[in-house]
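So this one's my_file20.txt, compact mmCIF, C-alpha atoms and all ligand atoms:
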# COMPACT_ATOMS: atom_id res chain seq x y z
CA MET J 1 0.00 0.00 0.00
CA SER J 2 1.43 3.33 -1.06
CA GLU J 3 2.13 5.88 1.62
CA THR J 4 1.05 8.83 -0.44
CA THR J 5 -2.50 7.56 -0.66
CA ARG J 6 -2.76 7.97 3.09
CA ARG J 7 -4.89 4.99 3.68
CA THR J 8 -4.97 5.78 7.32
CA SER J 9 -6.09 3.25 9.82
CA ARG J 10 -9.10 5.49 10.38
CA THR J 11 -10.09 5.18 6.72
CA LEU J 12 -9.69 1.43 6.86
CA GLN J 13 -11.71 1.28 10.07
CA VAL J 14 -14.54 3.24 8.51
CA LEU J 15 -14.61 0.93 5.51
CA GLU J 16 -14.21 -2.32 7.41
CA ARG J 17 -17.12 -1.44 9.68
CA GLU J 18 -19.38 -1.57 6.65
CA PHE J 19 -18.61 -5.20 5.86
CA ASP J 20 -20.67 -6.69 8.72
CA THR J 21 -23.64 -4.45 7.99
CA LEU J 22 -23.63 -5.28 4.29
CA PHE J 23 -23.17 -9.01 4.72
CA ASP J 24 -25.94 -9.08 7.37
CA ARG J 25 -28.35 -7.13 5.21
CA VAL J 26 -27.86 -8.85 1.89
CA PRO J 27 -28.28 -12.62 1.74
CA GLY J 28 -26.29 -14.06 -1.15
CA LEU J 29 -23.57 -11.43 -0.97
CA TYR J 30 -20.15 -13.02 -1.45
CA GLY J 31 -17.81 -10.11 -1.96
CA VAL J 32 -17.39 -6.42 -1.15
CA LEU J 33 -14.50 -4.33 -2.40
CA PHE J 34 -13.54 -0.72 -1.81
CA CYS J 35 -11.10 0.86 -4.25
CA THR J 36 -9.95 4.28 -5.35
CA ALA J 37 -11.87 5.93 -8.19
CA ASP J 38 -8.98 5.09 -10.50
CA GLY J 39 -9.05 1.41 -9.66
CA ASP J 40 -6.52 0.77 -6.92
CA PRO J 41 -7.88 -1.71 -4.35
CA ILE J 42 -8.08 -0.53 -0.74
CA VAL J 43 -9.80 -3.20 1.29
CA GLU J 44 -12.11 -6.12 0.56
CA ARG J 45 -13.96 -9.01 2.13
CA PHE J 46 -14.35 -11.92 -0.25
CA GLU J 47 -15.96 -15.22 0.62
CA ARG J 48 -14.29 -16.90 -2.30
CA GLN J 49 -11.02 -16.49 -4.16
CA MET J 50 -11.16 -13.61 -6.65
CA ASP J 51 -8.66 -11.29 -8.33
CA ARG J 52 -9.20 -8.10 -6.36
CA ASP J 53 -6.70 -6.07 -8.39
CA ARG J 54 -8.50 -6.73 -11.64
CA LEU J 55 -11.95 -6.33 -10.12
CA ALA J 56 -10.92 -2.92 -8.75
CA ALA J 57 -9.55 -1.77 -12.11
CA MET J 58 -12.63 -3.02 -13.95
CA ALA J 59 -14.99 -1.32 -11.50
CA SER J 60 -13.21 1.93 -12.28
CA SER J 61 -13.47 1.39 -16.06
CA LEU J 62 -17.17 0.50 -15.87
CA VAL J 63 -18.19 3.34 -13.58
CA ALA J 64 -16.30 5.80 -15.77
CA LEU J 65 -17.95 4.44 -18.91
CA GLY J 66 -21.34 4.39 -17.19
CA GLY J 67 -21.03 8.09 -16.40
CA THR J 68 -19.97 8.83 -19.97
CA MET J 69 -22.82 6.79 -21.40
CA ALA J 70 -25.37 8.47 -19.14
CA ARG J 71 -24.19 11.92 -20.23
CA THR J 72 -24.14 10.88 -23.87
CA GLY J 73 -27.73 9.73 -23.45
CA GLY J 74 -28.71 13.08 -21.99
CA GLN J 75 -28.81 11.84 -18.40
CA GLN J 76 -27.05 13.45 -15.48
CA HIS J 77 -25.74 10.92 -13.00
CA CYS J 78 -24.80 7.29 -13.28
CA ASP J 79 -25.81 5.97 -9.86
CA TYR J 80 -24.82 2.32 -10.35
CA MET J 81 -23.12 0.10 -12.85
CA ILE J 82 -24.87 -3.25 -12.74
CA VAL J 83 -23.51 -6.41 -14.28
CA GLN J 84 -26.22 -9.06 -14.34
CA SER J 85 -24.85 -12.41 -15.33
CA HIS J 86 -26.19 -15.93 -15.38
CA ASP J 87 -24.81 -16.52 -11.90
CA GLY J 88 -25.43 -13.26 -10.13
CA PHE J 89 -24.88 -9.54 -9.91
CA ILE J 90 -21.95 -7.21 -9.63
CA VAL J 91 -22.79 -3.66 -8.62
CA SER J 92 -20.29 -0.78 -8.61
CA LEU J 93 -20.92 2.79 -7.53
CA HIS J 94 -19.20 6.00 -6.51
CA ILE J 95 -18.71 7.01 -2.91
CA GLY J 96 -18.04 10.71 -3.33
CA ARG J 97 -15.43 11.53 -5.93
CA ASN J 98 -12.51 9.43 -4.81
CA LEU J 99 -13.86 6.04 -3.81
CA LEU J 100 -15.76 3.17 -5.39
CA LEU J 101 -17.73 0.36 -3.82
CA SER J 102 -18.30 -2.95 -5.59
CA ALA J 103 -20.55 -5.72 -4.31
CA LEU J 104 -20.80 -9.23 -5.74
CA ALA J 105 -23.85 -11.37 -5.06
CA ARG J 106 -25.40 -14.66 -6.14
CA ARG J 107 -28.33 -14.76 -8.50
CA ASP J 108 -30.85 -15.54 -5.74
CA THR J 109 -30.12 -12.13 -4.18
CA SER J 110 -32.78 -9.45 -4.49
CA LEU J 111 -31.30 -6.79 -6.78
CA GLY J 112 -33.39 -4.11 -5.11
CA MET J 113 -32.03 -5.04 -1.72
CA LEU J 114 -28.48 -5.14 -3.07
CA LEU J 115 -28.79 -1.67 -4.63
CA SER J 116 -30.41 -0.02 -1.63
CA SER J 117 -27.87 -1.57 0.73
CA CYS J 118 -24.98 -0.36 -1.43
CA ARG J 119 -26.53 3.11 -1.50
CA ALA J 120 -26.85 3.08 2.30
CA THR J 121 -23.21 2.00 2.63
CA SER J 122 -22.10 4.74 0.28
CA GLU J 123 -23.97 7.36 2.29
CA SER J 124 -22.70 6.04 5.58
CA VAL J 125 -19.08 6.05 4.39
CA SER J 126 -19.44 9.53 2.87
CA ALA J 127 -20.82 10.87 6.12
CA ARG J 128 -18.00 9.40 8.20
CA MET J 129 -15.20 10.16 5.78
CA SER J 130 -15.79 13.85 5.28
CA GLY J 131 -12.58 15.47 6.35
CA ALA J 132 -10.61 12.27 5.83
CA PRO J 133 -9.47 12.50 2.22
CA ILE J 134 -8.18 9.27 0.75
CA THR J 135 -5.86 11.04 -1.66
CA PRO J 136 -3.67 14.03 -0.94
CA ARG J 137 -5.92 16.24 -3.04
CA GLY J 138 -9.15 14.52 -2.15
CA GLY J 139 -12.42 16.33 -2.61
CA GLN J 140 -15.88 14.94 -2.23
CA SER J 141 -17.72 16.18 -5.30
CA ASP J 142 -19.72 13.54 -7.10
CA GLU J 143 -18.86 14.41 -10.65
CA GLN J 144 -16.01 13.70 -12.99
CA ASP J 145 -13.93 16.54 -14.25
CA ARG J 146 -14.65 15.95 -17.89
CA MET N 1 -23.58 1.78 -43.33
CA ASP N 2 -20.16 3.33 -43.34
CA ARG N 3 -17.13 1.53 -42.04
CA ARG N 4 -14.54 3.31 -40.08
CA ARG N 5 -10.83 2.84 -39.73
CA LYS N 6 -9.70 2.84 -36.15
CA PHE N 7 -6.37 4.12 -34.83
CA LEU N 8 -5.09 3.74 -31.31
CA PHE N 9 -3.02 6.01 -29.05
CA THR N 10 -1.20 4.46 -26.12
CA GLY N 11 1.64 5.28 -23.74
CA PRO N 12 2.28 5.86 -20.04
CA THR N 13 0.01 7.82 -17.77
CA GLY N 14 0.32 11.59 -18.12
CA VAL N 15 2.02 11.49 -21.51
CA GLY N 16 -0.97 13.18 -23.16
CA LYS N 17 -3.20 10.61 -24.89
CA THR N 18 -6.44 12.21 -23.68
CA THR N 19 -5.08 15.66 -24.48
CA ALA N 20 -4.10 14.62 -28.02
CA ILE N 21 -7.43 13.04 -28.93
CA ALA N 22 -9.47 15.92 -27.47
CA LEU N 23 -7.34 18.39 -29.45
CA ILE N 24 -7.99 17.02 -32.90
CA SER N 25 -11.37 15.35 -32.56
CA ASP N 26 -14.02 17.00 -34.73
CA ASP N 27 -16.81 15.99 -32.36
CA GLU N 28 -16.98 16.27 -28.61
CA PRO N 29 -14.47 13.61 -27.50
CA VAL N 30 -15.54 10.78 -25.25
CA ALA N 31 -13.40 10.64 -22.12
CA THR N 32 -13.56 8.35 -19.11
CA GLU N 33 -11.63 10.32 -16.53
CA MET N 34 -11.64 9.38 -12.87
CA ALA N 35 -10.01 11.12 -9.90
CA ALA N 36 -6.33 10.19 -9.75
CA SER N 37 -5.06 8.60 -6.54
CA GLY N 38 -1.73 7.96 -4.89
CA GLU N 39 1.44 9.40 -6.35
CA LEU N 40 -0.31 10.22 -9.60
CA ALA N 41 -2.59 12.68 -7.79
CA ALA N 42 0.41 14.89 -7.10
CA THR N 43 0.87 15.57 -10.82
CA LYS N 44 -2.58 15.10 -12.31
CA THR N 45 -6.15 15.41 -11.04
CA THR N 46 -7.71 12.79 -13.31
CA THR N 47 -6.71 9.70 -15.24
CA THR N 48 -8.35 7.64 -17.98
CA THR N 49 -9.73 4.32 -16.75
CA ALA N 50 -11.57 2.95 -19.79
CA LEU N 51 -10.88 4.73 -23.07
CA ASP N 52 -10.72 7.97 -25.03
CA PHE N 53 -12.58 8.30 -28.29
CA GLY N 54 -12.69 10.98 -30.94
CA GLN N 55 -13.47 11.22 -34.64
CA VAL N 56 -11.59 13.06 -37.35
CA ARG N 57 -12.79 13.79 -40.87
CA LEU N 58 -9.87 13.55 -43.29
CA GLU N 59 -9.48 15.74 -46.39
CA ASP N 60 -10.89 13.05 -48.67
CA GLY N 61 -14.02 12.84 -46.52
CA GLU N 62 -13.12 9.62 -44.73
CA VAL N 63 -13.98 9.70 -41.04
CA ILE N 64 -11.59 7.81 -38.80
CA GLY N 65 -11.94 6.85 -35.16
CA LEU N 66 -9.18 7.70 -32.71
CA TYR N 67 -9.07 5.65 -29.53
CA GLY N 68 -6.88 6.19 -26.50
CA THR N 69 -6.01 3.58 -23.92
CA PRO N 70 -5.66 4.09 -20.19
CA GLY N 71 -1.96 4.48 -19.41
CA GLN N 72 -1.82 2.53 -16.18
CA GLN N 73 -0.89 -1.13 -16.55
CA ARG N 74 -3.72 -2.31 -14.34
CA PHE N 75 -6.06 -1.50 -17.21
CA ASP N 76 -4.25 -3.78 -19.64
CA TYR N 77 -7.49 -5.66 -20.39
CA MET N 78 -8.60 -2.43 -22.07
CA TRP N 79 -5.41 -2.54 -24.14
CA THR N 80 -6.45 -5.98 -25.38
CA LEU N 81 -10.02 -4.88 -26.14
CA LEU N 82 -9.00 -1.68 -27.89
CA GLN N 83 -6.39 -3.35 -30.10
CA GLU N 84 -9.08 -5.32 -31.88
CA ARG N 85 -9.59 -4.13 -35.46
CA ALA N 86 -7.17 -1.22 -34.97
CA MET N 87 -5.36 -0.25 -38.17
CA GLY N 88 -2.44 1.52 -36.56
CA LEU N 89 -0.85 2.54 -33.30
CA VAL N 90 0.75 5.68 -31.91
CA ILE N 91 2.95 5.06 -28.86
CA LEU N 92 3.54 8.27 -26.94
CA ILE N 93 6.64 8.29 -24.77
CA ASP N 94 7.56 11.05 -22.32
CA HIS N 95 11.28 11.59 -22.94
CA SER N 96 11.67 13.45 -19.64
CA ARG N 97 10.37 10.59 -17.51
CA PRO N 98 12.97 8.43 -15.78
CA GLY N 99 12.83 5.00 -17.38
CA SER N 100 11.42 6.25 -20.68
CA LEU N 101 13.09 3.36 -22.53
CA THR N 102 11.49 0.86 -20.15
CA ASP N 103 8.19 2.61 -20.86
CA LEU N 104 8.73 2.08 -24.57
CA GLN N 105 9.51 -1.60 -24.03
CA ARG N 106 6.34 -2.04 -21.98
CA TYR N 107 4.18 -0.79 -24.85
CA LEU N 108 6.16 -2.61 -27.54
CA ASP N 109 5.49 -5.78 -25.52
CA GLY N 110 1.88 -4.97 -24.66
CA PHE N 111 0.93 -4.16 -28.24
CA GLY N 112 3.23 -6.65 -29.96
CA GLU N 113 0.51 -8.37 -31.96
CA LEU N 114 -0.88 -5.15 -33.34
CA ILE N 115 2.58 -3.74 -34.12
CA ALA N 116 3.48 -6.91 -36.01
CA GLN N 117 0.42 -6.34 -38.21
CA THR N 118 0.36 -2.57 -38.63
CA GLY N 119 3.63 -1.13 -37.37
CA ALA N 120 3.52 1.89 -35.08
CA VAL N 121 4.62 5.49 -34.80
CA ILE N 122 6.49 6.59 -31.72
CA GLY N 123 5.73 10.12 -30.56
CA LEU N 124 8.38 11.49 -28.25
CA THR N 125 7.00 14.20 -25.97
CA ARG N 126 9.00 16.70 -23.93
CA ALA N 127 11.85 15.77 -26.24
CA ASP N 128 13.88 18.87 -25.33
CA SER N 129 14.38 17.54 -21.83
CA GLU N 130 18.00 16.90 -20.93
CA ALA N 131 16.93 14.14 -18.59
CA GLY N 132 16.18 11.49 -21.20
CA PRO N 133 18.52 9.21 -23.15
CA ALA N 134 19.90 10.10 -26.59
CA ILE N 135 17.16 9.94 -29.24
CA ASP N 136 19.10 7.15 -30.97
CA ALA N 137 18.48 4.96 -27.95
CA TYR N 138 14.78 4.78 -28.88
CA HIS N 139 15.65 3.67 -32.42
CA GLU N 140 17.99 1.05 -31.00
CA CYS N 141 15.34 -0.17 -28.60
CA VAL N 142 12.85 -0.58 -31.44
CA ALA N 143 15.48 -2.30 -33.59
CA GLU N 144 16.04 -4.85 -30.86
CA TYR N 145 12.45 -5.94 -31.40
CA GLY N 146 13.16 -6.31 -35.10
CA TYR N 147 11.04 -3.28 -36.05
CA MET N 148 11.78 -0.12 -38.00
CA LEU N 149 9.44 2.51 -36.61
CA PRO N 150 9.49 6.29 -36.99
CA VAL N 151 10.30 8.26 -33.85
CA ILE N 152 8.75 11.73 -34.05
CA GLU N 153 9.41 14.49 -31.55
CA CYS N 154 6.26 16.35 -30.67
CA ASP N 155 4.48 18.71 -28.33
CA ILE N 156 1.26 16.88 -27.65
CA ARG N 157 -0.45 20.12 -26.65
CA ARG N 158 -0.15 21.39 -30.25
CA ALA N 159 -2.86 20.25 -32.64
CA GLU N 160 -0.51 20.34 -35.64
CA ASP N 161 1.91 17.99 -33.90
CA VAL N 162 -0.89 15.58 -33.06
CA ARG N 163 -2.10 15.70 -36.68
CA LEU N 164 1.42 14.93 -37.84
CA LEU N 165 1.44 11.77 -35.71
CA MET N 166 -1.99 10.86 -36.99
CA GLU N 167 -0.93 11.37 -40.61
CA ALA N 168 2.19 9.29 -40.05
CA VAL N 169 0.22 6.38 -38.67
CA ILE N 170 -2.43 6.65 -41.42
CA SER N 171 0.25 6.62 -44.08
CA MET N 172 1.51 3.30 -42.71
CA ALA N 173 -1.97 1.76 -42.61
CA GLU N 174 -3.74 -0.28 -45.21
CA PRO N 175 -6.90 1.11 -46.73
CA LEU N 176 -10.01 -0.58 -45.40
CA ALA N 177 -10.43 -3.94 -47.10
CA ASP N 178 -13.90 -5.06 -48.17
CA ASP N 179 -14.28 -7.59 -45.40
CA GLN N 180 -13.04 -5.36 -42.60
CA GLY N 181 -15.08 -3.17 -40.36
CA ALA N 182 -18.41 -4.45 -41.61
CA LEU N 183 -21.13 -5.22 -39.14
CA PRO N 184 -21.66 -8.97 -38.95
CA GLU N 185 -25.20 -8.88 -40.32
CA GLU N 186 -24.50 -6.22 -42.91
CA ASN N 187 -25.02 -7.03 -46.57
CA GLU N 188 -22.48 -5.72 -48.99
CA SER N 189 -24.07 -2.98 -51.07
N1 LIG J 201 4.45 21.38 -19.45
C1 LIG J 201 4.16 20.45 -20.33
N2 LIG J 201 3.02 19.76 -20.16
C2 LIG J 201 2.73 18.80 -21.04
C3 LIG J 201 3.56 18.49 -22.16
N3 LIG J 201 3.01 17.47 -22.84
C4 LIG J 201 1.87 17.17 -22.18
N4 LIG J 201 1.69 17.96 -21.11
C5 LIG J 201 0.58 17.94 -20.13
O1 LIG J 201 0.48 16.65 -19.59
C6 LIG J 201 -0.87 16.33 -19.31
C7 LIG J 201 -1.24 15.02 -19.98
O2 LIG J 201 -2.47 14.59 -19.44
P1 LIG J 201 -3.42 13.55 -20.15
O3 LIG J 201 -3.70 13.96 -21.54
O4 LIG J 201 -4.58 13.35 -19.24
O5 LIG J 201 -2.49 12.26 -20.15
P2 LIG J 201 -2.89 10.75 -20.51
O6 LIG J 201 -1.77 10.21 -21.33
O7 LIG J 201 -4.24 10.70 -21.09
O8 LIG J 201 -2.84 10.06 -19.06
P3 LIG J 201 -3.64 8.77 -18.47
O9 LIG J 201 -5.05 8.88 -18.89
O10 LIG J 201 -3.47 8.91 -16.99
O11 LIG J 201 -2.96 7.55 -18.98
C8 LIG J 201 -1.70 17.49 -19.83
O12 LIG J 201 -2.04 18.33 -18.76
C9 LIG J 201 -0.77 18.19 -20.79
O13 LIG J 201 -1.04 19.56 -20.92
C10 LIG J 201 4.77 19.25 -22.32
O14 LIG J 201 5.54 19.06 -23.24
N5 LIG J 201 5.01 20.20 -21.38
MG MG J 202 -5.91 9.77 -20.50

Whole structure, structure tokens version:
Amino acid sequence: MSETTRRTSRTLQVLEREFDTLFDRVPGLYGVLFCTADGDPIVERFERQMDRDRLAAMASSLVALGGTMARTGGQQHCDYMIVQSHDGFIVSLHIGRNLLLSALARRDTSLGMLLSSCRATSESVSARMSGAPITPRGGQSDEQDR
Amino acid sequence: MDRRRKFLFTGPTGVGKTTAIALISDDEPVATEMAASGELAATKTTTTTALDFGQVRLEDGEVIGLYGTPGQQRFDYMWTLLQERAMGLVILIDHSRPGSLTDLQRYLDGFGELIAQTGAVIGLTRADSEAGPAIDAYHECVAEYGYMLPVIECDIRRAEDVRLLMEAVISMAEPLADDQGALPEENES
């Protein structure tokens, strides 16, 4: 973990606290990953072996493309990127400007429950992290620069 | 249904791929910028995490697509996706960056298949920097791979320099063959 990203123990604490809540709330959840907006993994809880580095990078690509696609389609915010596959769901979303949350769940999970729980986690982390930037220049705006 | 030739810009983070495509694109470019983190955030507020896309209408009326890759290696799956059907490659290298020759090797390796098919143009940015190796070293590096590729010094913030790179890569590319670029279900008209 790079020093300059200042992943303070407080940041990690805030994020790790969310794991229990999310896993309790969402039956079928098997992975939660926090990463930087540009796809560097920070902390995760996986119930099976997965490549966290690639998942973090891909979450960043998808959320960025989702935002671009929304704007191109005349829409303002991309709230979630949802991958629905034969076996389940992968949801990725912004937490403020600098963080992303990804959640992986089995197909028998309620998508509505998964989305609302991710939203609640995002709001909870945002509320607790204000004033604890994850990057040296961290801000908390919700929009991309371009 | 028109078919479009596709050209790809790659190179390390911060070299200017997004800048270059935005400069010469005729339409509003598509960018996928996300807040930069870690050491990168000290030099740059955002970084590309999926792709850049722009379109340029050439003098003869042909419209080409320009695609940019993310620079950071962790997005190398995008490199693989974006290489598909590309007709040429511009590798931008920041001459002032320590390890600029290693950078070049990384992209010669990462885009080897495409380069073997189409060749590539190497755009050397910040070429007036005293920090980098002699320009010949880039030619030698390329020669070690068995390639002969042009190395062009450029200021990526100048549209005419970017167009020069684009023209160089177009001049190396094949015209679109009849079976390329067509949609799978398209009938030849
Ligand atoms: N001072 C100076 N700045 C330059 C020069 N060439 C490029 N830049 C700047 O470098 C930055 C390049 O940023 P981007 O275009 O986002 O770089 P990129 O290659 O797309 O980076 P990633 O998306 O992170 O891979 C821009 O702010 C340019 O203005 C140069 O010769 N001198
Ligand atoms: Mg870029």

Q: Figure out the distance between CA of Arg126 in chain N and atom N1 of ligand LIG 201 (chain J), please, to one decimal in Å.
A: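 That distance, rounded to one decimal, is 7.9 Å.
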
Counting only C-alpha atoms and all ligand atoms, which residues in chain N sit no more than 8 Å from ligand LIG 201 (chain J)? For each one, give the nearest pair of atoms and the distance in Å, sorted by chain then residue number, as JSON lines.
{"residue": "N:Thr10", "atom": "CA", "partner": "J:LIG201", "partner_atom": "O6", "distance": 7.5}
{"residue": "N:Gly11", "atom": "CA", "partner": "J:LIG201", "partner_atom": "O6", "distance": 6.5}
{"residue": "N:Pro12", "atom": "CA", "partner": "J:LIG201", "partner_atom": "O11", "distance": 5.6}
{"residue": "N:Thr13", "atom": "CA", "partner": "J:LIG201", "partner_atom": "O11", "distance": 3.2}
{"residue": "N:Gly14", "atom": "CA", "partner": "J:LIG201", "partner_atom": "O5", "distance": 3.5}
{"residue": "N:Val15", "atom": "CA", "partner": "J:LIG201", "partner_atom": "O6", "distance": 4.0}
{"residue": "N:Gly16", "atom": "CA", "partner": "J:LIG201", "partner_atom": "O3", "distance": 3.3}
{"residue": "N:Lys17", "atom": "CA", "partner": "J:LIG201", "partner_atom": "O6", "distance": 3.9}
{"residue": "N:Thr18", "atom": "CA", "partner": "J:LIG201", "partner_atom": "O7", "distance": 3.7}
{"residue": "N:Thr19", "atom": "CA", "partner": "J:LIG201", "partner_atom": "O3", "distance": 3.7}
{"residue": "N:Ala20", "atom": "CA", "partner": "J:LIG201", "partner_atom": "O3", "distance": 6.5}
{"residue": "N:Glu33", "atom": "CA", "partner": "J:LIG201", "partner_atom": "O9", "distance": 7.1}
{"residue": "N:Ala36", "atom": "CA", "partner": "J:LIG201", "partner_atom": "O10", "distance": 7.9}
{"residue": "N:Lys44", "atom": "CA", "partner": "J:LIG201", "partner_atom": "O2", "distance": 7.1}
{"residue": "N:Thr46", "atom": "CA", "partner": "J:LIG201", "partner_atom": "O4", "distance": 6.7}
{"residue": "N:Thr47", "atom": "CA", "partner": "J:LIG201", "partner_atom": "O10", "distance": 3.8}
{"residue": "N:Thr48", "atom": "CA", "partner": "J:LIG201", "partner_atom": "O9", "distance": 3.6}
{"residue": "N:Thr49", "atom": "CA", "partner": "J:LIG201", "partner_atom": "O9", "distance": 6.9}
{"residue": "N:Gly68", "atom": "CA", "partner": "J:LIG201", "partner_atom": "O7", "distance": 7.5}
{"residue": "N:Thr69", "atom": "CA", "partner": "J:LIG201", "partner_atom": "O11", "distance": 7.0}
{"residue": "N:Pro70", "atom": "CA", "partner": "J:LIG201", "partner_atom": "O11", "distance": 4.6}
{"residue": "N:Gly71", "atom": "CA", "partner": "J:LIG201", "partner_atom": "O11", "distance": 3.3}
{"residue": "N:Gln72", "atom": "CA", "partner": "J:LIG201", "partner_atom": "O11", "distance": 5.9}
{"residue": "N:Leu92", "atom": "CA", "partner": "J:LIG201", "partner_atom": "O6", "distance": 8.0}
{"residue": "N:Asp94", "atom": "CA", "partner": "J:LIG201", "partner_atom": "N3", "distance": 7.9}
{"residue": "N:Thr125", "atom": "CA", "partner": "J:LIG201", "partner_atom": "O14", "distance": 5.8}
{"residue": "N:Arg126", "atom": "CA", "partner": "J:LIG201", "partner_atom": "O14", "distance": 4.2}
{"residue": "N:Ala127", "atom": "CA", "partner": "J:LIG201", "partner_atom": "O14", "distance": 7.7}
{"residue": "N:Cys154", "atom": "CA", "partner": "J:LIG201", "partner_atom": "O14", "distance": 7.9}
{"residue": "N:Asp155", "atom": "CA", "partner": "J:LIG201", "partner_atom": "O14", "distance": 5.2}
{"residue": "N:Ile156", "atom": "CA", "partner": "J:LIG201", "partner_atom": "N3", "distance": 5.2}
{"residue": "N:Arg157", "atom": "CA", "partner": "J:LIG201", "partner_atom": "O13", "distance": 5.8}

Q: May I have the residues within 9 Å of Gly132 in chain N as a ChimeraX atom specification, using all atoms listed in the file and disregarding those fewer than 5 positions away in the same chain?
A: /N:94-101,127

Q.
Which residues are close to range 56-65 of chain J, i.e. within 7 Å by only C-alpha atoms, leaving aside same-chain residues fewer than 5 positions away? Reply as a ChimeraX atom specification.
A. /J:35,37-41,81,92-93,102 /N:32-34,49-50,74-75

Q.
Just the number, please: distance in Å from CA of Leu115 in chain J to CA of Asp24 in chain J, one decimal.
A.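 Between CA of Leu115 in chain J and CA of Asp24 in chain J the gap is 14.4 Å.
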
Q: Have a look at CA of Gln117 in chain N and CA of Ala134 in chain N and let me know their distance in Å, one decimal.
A: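 Here the two named atoms are 28.0 Å from each other.
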
Just give me the residues with any atom within 9 Å of (-5.2, -0.7, -36.5), file coordinates, counting only C-alpha atoms, written as an mmCIF file with C-alpha atoms, in the coordinates of the input.
data_model
loop_
_atom_site.group_PDB
_atom_site.id
_atom_site.type_symbol
_atom_site.label_atom_id
_atom_site.label_comp_id
_atom_site.auth_asym_id
_atom_site.auth_seq_id
_atom_site.Cartn_x
_atom_site.Cartn_y
_atom_site.Cartn_z
ATOM 1 C CA ARG N 5 -10.830 2.840 -39.730
ATOM 2 C CA LYS N 6 -9.700 2.840 -36.150
ATOM 3 C CA PHE N 7 -6.370 4.120 -34.830
ATOM 4 C CA LEU N 8 -5.090 3.740 -31.310
ATOM 5 C CA GLN N 83 -6.390 -3.350 -30.100
ATOM 6 C CA GLU N 84 -9.080 -5.320 -31.880
ATOM 7 C CA ARG N 85 -9.590 -4.130 -35.460
ATOM 8 C CA ALA N 86 -7.170 -1.220 -34.970
ATOM 9 C CA MET N 87 -5.360 -0.250 -38.170
ATOM 10 C CA GLY N 88 -2.440 1.520 -36.560
ATOM 11 C CA LEU N 89 -0.850 2.540 -33.300
ATOM 12 C CA LEU N 114 -0.880 -5.150 -33.340
ATOM 13 C CA ILE N 115 2.580 -3.740 -34.120
ATOM 14 C CA GLN N 117 0.420 -6.340 -38.210
ATOM 15 C CA THR N 118 0.360 -2.570 -38.630
ATOM 16 C CA GLY N 119 3.630 -1.130 -37.370
ATOM 17 C CA ALA N 173 -1.970 1.760 -42.610
ATOM 18 C CA GLU N 174 -3.740 -0.280 -45.210
#

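Compared by their closest atoms to chain J, and using all atoms listed in the file, the residues N:Ile152, N:Leu40, N:Leu104, N:Leu82 rank with N:Leu40 nearest.
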
Q) Once you count all atoms listed in the file, which residues end up no further than 8 Å from (-23.1, -1.7, -2.7) in the file's frame, shown as a ChimeraX atom specification? A) /J:22,32,91-93,101-103,114-122

Q: Find the spatial neighbours of Gln55 in chain N, counting only C-alpha atoms, within a cut-off of 9 Å - ignore same-chain residues fewer than 3 positions away - and output them as a list of chain:residue names.
A: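 That gives N:Ile21, N:Ile24, N:Ser25, N:Asp26, N:Asp27, N:Glu28, N:Pro29, N:Val63, N:Ile64, N:Gly65, N:Leu66, N:Tyr67.
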
Q) Can you list, as a list in words, every protein, DNA or RNA residue that comes within 10 Å of range 28-30 of chain J when you count all atoms listed in the file, leaving out same-chain residues fewer than 2 positions away? A)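 My list of contacting residues is Leu22, Phe23, Asp24, Arg25, Val26, Val32, Arg45, Phe46, Glu47, Arg48, Gly88, Phe89, Ile90, Ala103, Leu104, Ala105, Arg106, Arg107, Asp108, Thr109, Ser110 and Leu114 of chain J.
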
Prev. selection, C-alpha atoms, output as a PDB file, keeping the file's coordinate frame:
ATOM      1  CA  LEU J  22     -23.630  -5.280   4.290  1.00  0.00           C
ATOM      2  CA  PHE J  23     -23.170  -9.010   4.720  1.00  0.00           C
ATOM      3  CA  ASP J  24     -25.940  -9.080   7.370  1.00  0.00           C
ATOM      4  CA  ARG J  25     -28.350  -7.130   5.210  1.00  0.00           C
ATOM      5  CA  VAL J  26     -27.860  -8.850   1.890  1.00  0.00           C
ATOM      6  CA  VAL J  32     -17.390  -6.420  -1.150  1.00  0.00           C
ATOM      7  CA  ARG J  45     -13.960  -9.010   2.130  1.00  0.00           C
ATOM      8  CA  PHE J  46     -14.350 -11.920  -0.250  1.00  0.00           C
ATOM      9  CA  GLU J  47     -15.960 -15.220   0.620  1.00  0.00           C
ATOM     10  CA  ARG J  48     -14.290 -16.900  -2.300  1.00  0.00           C
ATOM     11  CA  GLY J  88     -25.430 -13.260 -10.130  1.00  0.00           C
ATOM     12  CA  PHE J  89     -24.880  -9.540  -9.910  1.00  0.00           C
ATOM     13  CA  ILE J  90     -21.950  -7.210  -9.630  1.00  0.00           C
ATOM     14  CA  ALA J 103     -20.550  -5.720  -4.310  1.00  0.00           C
ATOM     15  CA  LEU J 104     -20.800  -9.230  -5.740  1.00  0.00           C
ATOM     16  CA  ALA J 105     -23.850 -11.370  -5.060  1.00  0.00           C
ATOM     17  CA  ARG J 106     -25.400 -14.660  -6.140  1.00  0.00           C
ATOM     18  CA  ARG J 107     -28.330 -14.760  -8.500  1.00  0.00           C
ATOM     19  CA  ASP J 108     -30.850 -15.540  -5.740  1.00  0.00           C
ATOM     20  CA  THR J 109     -30.120 -12.130  -4.180  1.00  0.00           C
ATOM     21  CA  SER J 110     -32.780  -9.450  -4.490  1.00  0.00           C
ATOM     22  CA  LEU J 114     -28.480  -5.140  -3.070  1.00  0.00           C
TER      23      LEU J 114
END

Q) Which polymer residues have any atom within 12 Å of an atom of Glu153 in chain N, counting only C-alpha atoms, with same-chain residues fewer than 6 positions away left out, as a PyMOL selection string? A) chain N and resi 91-95+121-129+135+138+161-162+164-165
